$ cat final_32.pdb   # PDB, C-alpha atoms
ATOM      1  CA  MET F1006      91.594 107.226  99.186
ATOM      2  CA  PHE F1007      89.146 106.526  96.367
ATOM      3  CA  LEU F1008      90.398 104.176  93.723
ATOM      4  CA  PRO F1009      88.741 103.657  90.362
ATOM      5  CA  GLY F1010      86.966 100.345  90.096
ATOM      6  CA  THR F1011      86.390 100.212  93.841
ATOM      7  CA  ALA F1012      83.710  97.511  93.497
ATOM      8  CA  PHE F1013      86.181  95.326  91.576
ATOM      9  CA  ASN F1014      88.879  96.025  94.175
ATOM     10  CA  LYS F1015      86.620  95.052  97.061
ATOM     11  CA  LYS F1016      85.457  91.891  95.335
ATOM     12  CA  ALA F1017      89.077  91.030  94.542
ATOM     13  CA  LEU F1018      90.113  91.486  98.183
ATOM     14  CA  ILE F1019      87.242  89.277  99.338
ATOM     15  CA  MET F1020      88.338  86.590  96.881
ATOM     16  CA  LEU F1021      91.957  86.854  98.051
ATOM     17  CA  LEU F1022      90.940  86.644 101.713
ATOM     18  CA  ALA F1023      88.790  83.606 100.900
ATOM     19  CA  GLY F1024      91.838  81.893  99.381
ATOM     20  CA  ASP F1025      90.803  82.199  95.724
ATOM     21  CA  SER F1026      94.183  83.589  94.676
ATOM     22  CA  GLU F1027      93.983  83.092  90.923
ATOM     23  CA  ALA F1028      90.598  84.779  90.446
ATOM     24  CA  GLY F1029      91.297  87.355  93.160
ATOM     25  CA  TRP F1030      94.540  88.596  91.605
ATOM     26  CA  LYS F1031      92.962  88.633  88.147
ATOM     27  CA  LYS F1032      90.078  90.776  89.430
ATOM     28  CA  TYR F1033      92.492  93.013  91.369
ATOM     29  CA  GLU F1034      94.468  93.736  88.207
ATOM     30  CA  TRP F1035      91.325  95.248  86.651
ATOM     31  CA  ARG F1036      92.262  98.578  88.263
ATOM     32  CA  TRP F1037      94.937  99.092  85.580
ATOM     33  CA  LYS F1038      92.208  99.293  82.937
ATOM     34  CA  THR F1039      90.461 102.346  84.373
ATOM     35  CA  HIS F1040      90.799 105.774  82.851
ATOM     36  CA  ASP F1041      91.923 107.266  86.173
ATOM     37  CA  ALA F1042      94.819 104.818  86.604
ATOM     38  CA  LYS F1043      97.122 107.330  84.912
ATOM     39  CA  HIS F1044      96.734 109.615  87.962
ATOM     40  CA  TRP F1045      98.149 107.131  90.492
ATOM     41  CA  ARG F1046     100.087 104.588  88.441
ATOM     42  CA  ARG F1047     103.865 104.899  88.605
ATOM     43  CA  ASN F1048     105.668 105.742  85.392
ATOM     44  CA  ILE F1049     108.445 103.148  85.420
ATOM     45  CA  ALA F1050     109.958 101.692  82.261
ATOM     46  CA  GLN F1051     110.138  98.086  83.467
ATOM     47  CA  PRO F1052     107.160  95.823  82.725
ATOM     48  CA  VAL F1053     104.629  95.024  85.402
ATOM     49  CA  ARG F1054     104.745  91.406  86.561
ATOM     50  CA  ASN F1055     102.985  89.323  83.928
ATOM     51  CA  ARG F1056     102.891  85.933  85.637
ATOM     52  CA  LEU F1057     105.910  84.659  83.722
ATOM     53  CA  PRO F1058     108.458  82.642  85.718
ATOM     54  CA  LEU F1059     110.680  84.811  87.919
ATOM     55  CA  LYS F1060     113.594  82.394  88.251
ATOM     56  CA  ASP F1061     116.899  84.170  87.573
ATOM     57  CA  LYS F1062     115.105  87.536  87.417
ATOM     58  CA  THR F1063     115.416  90.690  89.488
ATOM     59  CA  LEU F1064     112.113  92.083  90.694
ATOM     60  CA  PHE F1065     111.240  95.528  92.036
ATOM     61  CA  VAL F1066     108.286  95.504  94.434
ATOM     62  CA  CYS F1067     106.610  98.837  95.081
ATOM     63  CA  ALA F1068     103.391 100.153  96.559
ATOM     64  CA  GLU F1069     100.673 101.715  94.522
ATOM     65  CA  GLN F1070      98.553 102.810  97.448
ATOM     66  CA  GLU F1071      99.165 103.699 101.084
ATOM     67  CA  VAL F1072     101.046 102.226 104.029
ATOM     68  CA  GLY F1073      98.108 100.065 105.165
ATOM     69  CA  ASP F1074      98.167  98.241 101.849
ATOM     70  CA  GLU F1075     101.925  97.781 102.136
ATOM     71  CA  ILE F1076     101.387  96.056 105.471
ATOM     72  CA  MET F1077      98.437  93.993 104.218
ATOM     73  CA  PHE F1078     100.253  92.734 101.110
ATOM     74  CA  ALA F1079     103.581  92.193 102.895
ATOM     75  CA  SER F1080     102.434  88.637 103.565
ATOM     76  CA  CYS F1081     102.979  87.976  99.815
ATOM     77  CA  ILE F1082     106.595  89.151  99.823
ATOM     78  CA  PRO F1083     108.232  85.888 101.015
ATOM     79  CA  ASP F1084     106.600  84.044  98.096
ATOM     80  CA  VAL F1085     107.938  86.650  95.671
ATOM     81  CA  ILE F1086     111.444  86.557  97.174
ATOM     82  CA  ASN F1087     111.527  82.750  96.938
ATOM     83  CA  GLN F1088     110.760  82.914  93.211
ATOM     84  CA  THR F1089     113.384  85.493  92.182
ATOM     85  CA  ALA F1090     117.148  85.731  91.893
ATOM     86  CA  SER F1091     117.036  89.100  93.644
ATOM     87  CA  CYS F1092     114.359  91.419  94.917
ATOM     88  CA  PHE F1093     114.177  95.129  95.711
ATOM     89  CA  ILE F1094     111.317  96.300  97.900
ATOM     90  CA  GLU F1095     110.385  99.961  98.003
ATOM     91  CA  CYS F1096     108.270 101.021 100.969
ATOM     92  CA  ASP F1097     107.225 103.892 103.197
ATOM     93  CA  ARG F1098     110.112 105.111 105.360
ATOM     94  CA  ARG F1099     108.238 103.993 108.505
ATOM     95  CA  LEU F1100     108.323 100.398 107.267
ATOM     96  CA  VAL F1101     112.011 100.261 106.292
ATOM     97  CA  PRO F1102     113.225  98.945 109.697
ATOM     98  CA  LEU F1103     110.443  96.343 109.896
ATOM     99  CA  PHE F1104     110.824  95.181 106.293
ATOM    100  CA  SER F1105     114.635  95.104 106.651
ATOM    101  CA  ARG F1106     114.323  92.691 109.579
ATOM    102  CA  SER F1107     111.504  90.662 108.007
ATOM    103  CA  PHE F1108     112.829  90.308 104.454
ATOM    104  CA  GLN F1109     116.593  90.009 104.876
ATOM    105  CA  GLU F1110     116.961  88.311 101.474
ATOM    106  CA  ALA F1111     115.743  91.482  99.725
ATOM    107  CA  GLU F1112     117.122  94.984  99.462
ATOM    108  CA  ILE F1113     114.746  97.436 101.137
ATOM    109  CA  LEU F1114     114.496 100.937  99.689
ATOM    110  CA  GLU F1115     112.766 103.958 101.173
ATOM    111  CA  ARG F1116     110.161 105.434  98.840
ATOM    112  CA  THR F1117     111.412 108.905  97.945
ATOM    113  CA  GLY F1118     109.067 109.888  95.141
ATOM    114  CA  ALA F1119     111.796 109.310  92.557
ATOM    115  CA  ASP F1120     111.960 106.045  90.673
ATOM    116  CA  ASN F1121     114.328 103.672  92.477
ATOM    117  CA  THR F1122     114.712 101.220  89.608
ATOM    118  CA  ASP F1123     117.684 100.707  87.367
ATOM    119  CA  ASN F1124     118.439  98.664  84.261
ATOM    120  CA  SER F1125     119.102  95.452  86.211
ATOM    121  CA  VAL F1126     115.417  95.153  87.146
ATOM    122  CA  GLN F1127     113.488  92.884  84.780
ATOM    123  CA  GLY F1128     109.984  93.368  86.188
ATOM    124  CA  MET F1129     107.823  95.037  88.789
ATOM    125  CA  PHE F1130     105.217  93.837  91.198
ATOM    126  CA  PHE F1131     102.871  96.260  92.913
ATOM    127  CA  PHE F1132     101.464  95.671  96.371
TER     128      PHE F1132
END

$ encode --input "final_32.pdb" --output "structure tokens"
Amino acid sequence: MFLPGTAFNKKALIMLLAGDSEAGWKKYEWRWKTHDAKHWRRNIAQPVRNRLPLKDKTLFVCAEQEVGDEIMFASCIPDVINQTASCFIECDRRLVPLFSRSFQEAEILERTGADNTDNSVQGMFFF
């Protein structure tokens, strides 16, 4: 799948793999600024994670790309869970059993195409 800002995305992934988390995530977020983001970005009312503290918050984690990215970024989920009061993780149906076993502190939701959020969710994090 082609994503706008592919050069930025690749550089961001290289930075993340090299352990430069702060710069890597900042570069990765550049994709939201592209004109074509409206074609693949989810239309959910809750704000996207803005690096504010997550303590006592409920977070909804959802994918913006395909199942391979869900698997790749799943390594970040324990850090997210440890920072929140509660966490909902939406994923491809094929990953529900694996994520349910791996992230027992979170509620795992199958991606259905409909928005799975409700008013108790204070923020979103895309992976």

$ residues_around --input "final_32.pdb" --residues "region 1015-1026 of chain F" --least-positions-apart "2" --cutoff "12 Å" --atoms "all atoms listed in the file" --output "list of chain:residue names"
F:Phe1007, F:Leu1008, F:Pro1009, F:Gly1010, F:Thr1011, F:Ala1012, F:Phe1013, F:Ala1028, F:Gly1029, F:Trp1030, F:Lys1031, F:Lys1032, F:Tyr1033, F:Glu1034, F:Trp1035, F:Arg1036, F:Asp1074, F:Met1077, F:Phe1078, F:Ser1080, F:Cys1081

$ axis_aligned_box --input "final_32.pdb" --around "region 1069-1083 of chain F" --padding-each-side "6 Å" --output "AutoDock Vina command-line options"
--center_x 103.2 --center_y 94.8 --center_z 100.0 --size_x 22.1 --size_y 29.8 --size_z 22.9

$ residues_near_point --input "final_32.pdb" --point "(107.5, 87.3, 97.7)" --cutoff "10 Å" --atoms "all atoms listed in the file" --output "ChimeraX atom specification"
/F:1064,1066,1078-1089,1092,1094,1108,1111,1130

$ residues_around --input "final_32.pdb" --residues "region 1096-1101 of chain F" --least-positions-apart "3" --cutoff "7 Å" --atoms "only C-alpha atoms" --output "ChimeraX atom specification"
/F:1067-1068,1072,1104-1105,1113-1116

$ closest_residue --input "final_32.pdb" --among "F:Thr1117, F:Glu1112, F:Glu1095, F:Pro1102" --to "Glu1075 (chain F)" --atoms "all atoms listed in the file"
F:Glu1095

$ atom_distance --input "final_32.pdb" --atom1 "CA of Ile1076 (chain F)" --atom2 "CA of Asp1061 (chain F)"
26.5 Å

$ closest_residue --input "final_32.pdb" --among "F:Asn1014, F:Ser1091, F:Glu1027, F:Arg1106" --to "Leu1059 (chain F)" --atoms "all atoms listed in the file"
F:Ser1091
